[in-house]
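Asks: I have a structure I would like to understand better, so I am pasting it below and will then ask my questions one at a time.
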Amino acid sequence: MNLITRAEWNARKPTAGYVRLSATRGVKIHYTGGAVPADLADQENHDRCVDLVQDIQRMHMSGGRGEKYIDLGYSMVCCPHGNTFMGRGPHALPAANGAGLNSGHYAVLALLGDSGLTEPNDDLLNALVDAIEYLREHGDAGREVKGHRDGYATSCPGDPLYRWVRAGAERP
């Protein structure tokens with residue numbers, strides 16, 4: 001696992017303490033739902049992944065989606081270079097699954113969008129599996145792997161990534 005700690009991506013500190021989760025039924029997979037640069041997966045562009053994670057955290061904490069979060073809403077974030085960024089992490093309630101749904105599953109974001117970069121590459125899929133395994137080992141996540149759309153009216157995590165989830169979310 002290529003884990004990027006909160007210190008390494010210069011995460012802002014949460015504005016309040018996390019609600020503790022003792023365990024979850026599993027993990028829900030998300031995508032950004034917006035435009036992600038088509039060339040983000042190019043090897044020389046990993047720094048843009050760091051910028052994107054920081055931008056998402058800023059947006060979540062400023063109320064850019066209509067509600068101010070105490071931190072990045074996701075448990076972990078995965079990029080197309082095979083890296084996994086620590087978000088809220090294990091045993092912390094995420095804020096991305098939807099009202100009333102956060103305590104059931106951790107939330108893992110793939111840096112994919114609904115335009116530009118929309119197809120997951122093998123490095124991204126491997127990073128997602130790494131995040132799932134990490135949350136199972138360190139956060140007592142159960143065996144379920146679902147898409148955000150399972151239980152919430154959304155197109156997230158996009159059709160290409162959702163096909164992978166429905167096929168078993170296995171390593172390529």
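In the structure tokens, each chain is lettered A, B, ... as it comes, each chain's residues begin at 1, and ligands are numbered from 1 in order of appearance.
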List every residue of stretch 53-119 of chain A that has an atom at most 8 Å from any atom of stretch 148-163 of chain A, and for each one report the closest atom pair and its distance in Å to one decimal, counting only C-alpha atoms, with rows sorted by chain and then by increasing residue number, as JSON lines.

Replies:
```
{"residue": "A:Asn97", "atom": "CA", "partner": "A:His148", "partner_atom": "CA", "distance": 6.3}
{"residue": "A:Gly98", "atom": "CA", "partner": "A:Tyr152", "partner_atom": "CA", "distance": 6.8}
{"residue": "A:Gly113", "atom": "CA", "partner": "A:Gly158", "partner_atom": "CA", "distance": 7.6}
{"residue": "A:Asp114", "atom": "CA", "partner": "A:Gly158", "partner_atom": "CA", "distance": 6.6}
{"residue": "A:Thr118", "atom": "CA", "partner": "A:Pro160", "partner_atom": "CA", "distance": 7.2}
{"residue": "A:Glu119", "atom": "CA", "partner": "A:Pro160", "partner_atom": "CA", "distance": 5.9}
```

Asks: DSSP on the backbone: which residues in stretch 21-153 of chain A end up as alpha helix (DSSP H)? Give the answer as a VMD selection string.

Replies: chain A and resid 46 to 62 122 to 139

Asks: Write to file, as a CSV table (one decimal), in the first residue's frame, the residues of the selection just made, with N, CA and C atoms.

Replies:
```csv
chain,number,residue,atom,x,y,z
A,46,HIS,N,1.1,13.5,-10.6
A,46,HIS,CA,0.6,13.1,-9.3
A,46,HIS,C,0.5,14.3,-8.3
A,47,ASP,N,1.3,15.4,-8.5
A,47,ASP,CA,1.1,16.5,-7.6
A,47,ASP,C,-0.3,17.1,-7.7
A,48,ARG,N,-0.9,17.0,-8.9
A,48,ARG,CA,-2.2,17.5,-9.1
A,48,ARG,C,-3.2,16.7,-8.3
A,49,CYS,N,-2.9,15.4,-8.0
A,49,CYS,CA,-3.8,14.6,-7.1
A,49,CYS,C,-3.8,15.2,-5.7
A,50,VAL,N,-2.6,15.6,-5.2
A,50,VAL,CA,-2.5,16.2,-3.9
A,50,VAL,C,-3.3,17.5,-3.9
A,51,ASP,N,-3.2,18.3,-4.9
A,51,ASP,CA,-4.0,19.5,-5.0
A,51,ASP,C,-5.5,19.3,-5.0
A,52,LEU,N,-5.9,18.2,-5.7
A,52,LEU,CA,-7.3,17.9,-5.8
A,52,LEU,C,-7.8,17.4,-4.5
A,53,VAL,N,-7.1,16.6,-3.7
A,53,VAL,CA,-7.5,16.2,-2.4
A,53,VAL,C,-7.6,17.4,-1.5
A,54,GLN,N,-6.7,18.3,-1.5
A,54,GLN,CA,-6.7,19.5,-0.7
A,54,GLN,C,-7.9,20.4,-1.1
A,55,ASP,N,-8.2,20.5,-2.4
A,55,ASP,CA,-9.4,21.3,-2.9
A,55,ASP,C,-10.7,20.7,-2.3
A,56,ILE,N,-10.8,19.4,-2.4
A,56,ILE,CA,-12.0,18.7,-1.9
A,56,ILE,C,-12.2,18.9,-0.4
A,57,GLN,N,-11.1,18.8,0.3
A,57,GLN,CA,-11.2,19.1,1.8
A,57,GLN,C,-11.6,20.5,2.0
A,58,ARG,N,-11.0,21.5,1.3
A,58,ARG,CA,-11.4,22.9,1.5
A,58,ARG,C,-12.9,23.1,1.2
A,59,MET,N,-13.3,22.5,0.1
A,59,MET,CA,-14.7,22.6,-0.3
A,59,MET,C,-15.7,22.0,0.8
A,60,HIS,N,-15.3,20.9,1.3
A,60,HIS,CA,-16.1,20.2,2.3
A,60,HIS,C,-16.2,21.1,3.6
A,61,MET,N,-15.1,21.7,4.0
A,61,MET,CA,-15.0,22.4,5.2
A,61,MET,C,-15.6,23.8,5.1
A,62,SER,N,-15.7,24.3,3.8
A,62,SER,CA,-16.3,25.7,3.7
A,62,SER,C,-17.8,25.6,3.4
A,122,ASP,N,-5.7,0.5,-13.6
A,122,ASP,CA,-5.3,-0.6,-12.7
A,122,ASP,C,-4.7,-0.1,-11.4
A,123,ASP,N,-3.9,1.0,-11.5
A,123,ASP,CA,-3.3,1.6,-10.3
A,123,ASP,C,-4.4,2.1,-9.4
A,124,LEU,N,-5.4,2.8,-9.9
A,124,LEU,CA,-6.5,3.3,-9.1
A,124,LEU,C,-7.3,2.1,-8.4
A,125,LEU,N,-7.6,1.1,-9.2
A,125,LEU,CA,-8.3,-0.1,-8.7
A,125,LEU,C,-7.5,-0.8,-7.6
A,126,ASN,N,-6.2,-0.9,-7.8
A,126,ASN,CA,-5.4,-1.5,-6.7
A,126,ASN,C,-5.3,-0.6,-5.5
A,127,ALA,N,-5.3,0.7,-5.6
A,127,ALA,CA,-5.3,1.6,-4.5
A,127,ALA,C,-6.7,1.5,-3.7
A,128,LEU,N,-7.8,1.3,-4.5
A,128,LEU,CA,-9.1,1.1,-3.8
A,128,LEU,C,-9.1,-0.2,-3.0
A,129,VAL,N,-8.6,-1.2,-3.6
A,129,VAL,CA,-8.5,-2.5,-2.8
A,129,VAL,C,-7.6,-2.3,-1.6
A,130,ASP,N,-6.5,-1.6,-1.7
A,130,ASP,CA,-5.7,-1.4,-0.6
A,130,ASP,C,-6.5,-0.6,0.5
A,131,ALA,N,-7.2,0.4,0.1
A,131,ALA,CA,-8.0,1.1,1.1
A,131,ALA,C,-9.1,0.2,1.8
A,132,ILE,N,-9.7,-0.6,1.0
A,132,ILE,CA,-10.7,-1.5,1.6
A,132,ILE,C,-10.0,-2.4,2.6
A,133,GLU,N,-8.9,-3.0,2.2
A,133,GLU,CA,-8.2,-4.0,3.1
A,133,GLU,C,-7.7,-3.2,4.3
A,134,TYR,N,-7.2,-2.0,4.2
A,134,TYR,CA,-6.8,-1.2,5.3
A,134,TYR,C,-7.9,-1.0,6.3
A,135,LEU,N,-9.1,-0.6,5.8
A,135,LEU,CA,-10.2,-0.3,6.6
A,135,LEU,C,-10.7,-1.6,7.3
A,136,ARG,N,-10.6,-2.7,6.6
A,136,ARG,CA,-11.0,-4.0,7.3
A,136,ARG,C,-10.0,-4.3,8.4
A,137,GLU,N,-8.7,-4.1,8.2
A,137,GLU,CA,-7.7,-4.5,9.2
A,137,GLU,C,-7.7,-3.5,10.3
A,138,HIS,N,-7.8,-2.2,10.0
A,138,HIS,CA,-7.6,-1.2,11.1
A,138,HIS,C,-8.9,-0.5,11.5
A,139,GLY,N,-10.0,-0.8,10.8
A,139,GLY,CA,-11.2,-0.1,11.2
A,139,GLY,C,-12.4,-1.0,11.4
```

Asks: To one decimal place, how far is atom CA of A:Leu101 from atom CA of A:Arg65 in Å?

Replies: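 Value for the atom CA of A:Leu101-atom CA of A:Arg65 distance: 17.1 Å.
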
Asks: Using DSSP on the backbone coordinates, identify the residues of stretch 48-150 of chain A assigned to strand (DSSP E); present them as a list of chain:residue names.

Replies: A:Met76, A:Val77, A:Cys78, A:Asn83, A:Thr84, A:Phe85, A:Met86, A:His105, A:Tyr106, A:Ala107, A:Val108, A:Leu109, A:Ala110, A:Ser115, A:Gly116, A:Ala141, A:Gly142, A:Arg143, A:Glu144, A:Val145, A:Lys146, A:Gly147

Asks: List the spatial neighbours of stretch 14-30 of chain A as number ranges by chain - criterion: any atom at most 7 Å away, only C-alpha atoms, same-chain residues fewer than 4 positions off excluded.

Replies: A: 70-71, 91-93, 103-110, 132, 139-148, 156-157

Asks: Pick from A:Ser75, A:Thr32, A:Gln43, A:Asn102: nearest to A:Arg88, with only C-alpha atoms counted?

Replies: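 Once distances to A:Arg88 are computed over only C-alpha atoms, the minimum belongs to A:Ser75.
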
Asks: One decimal, Å: what's the distance from atom CA of A:Arg6 over to atom CA of A:Arg171, could you say?

Replies: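 Separation between atom CA of A:Arg6 and atom CA of A:Arg171: 25.1 Å.
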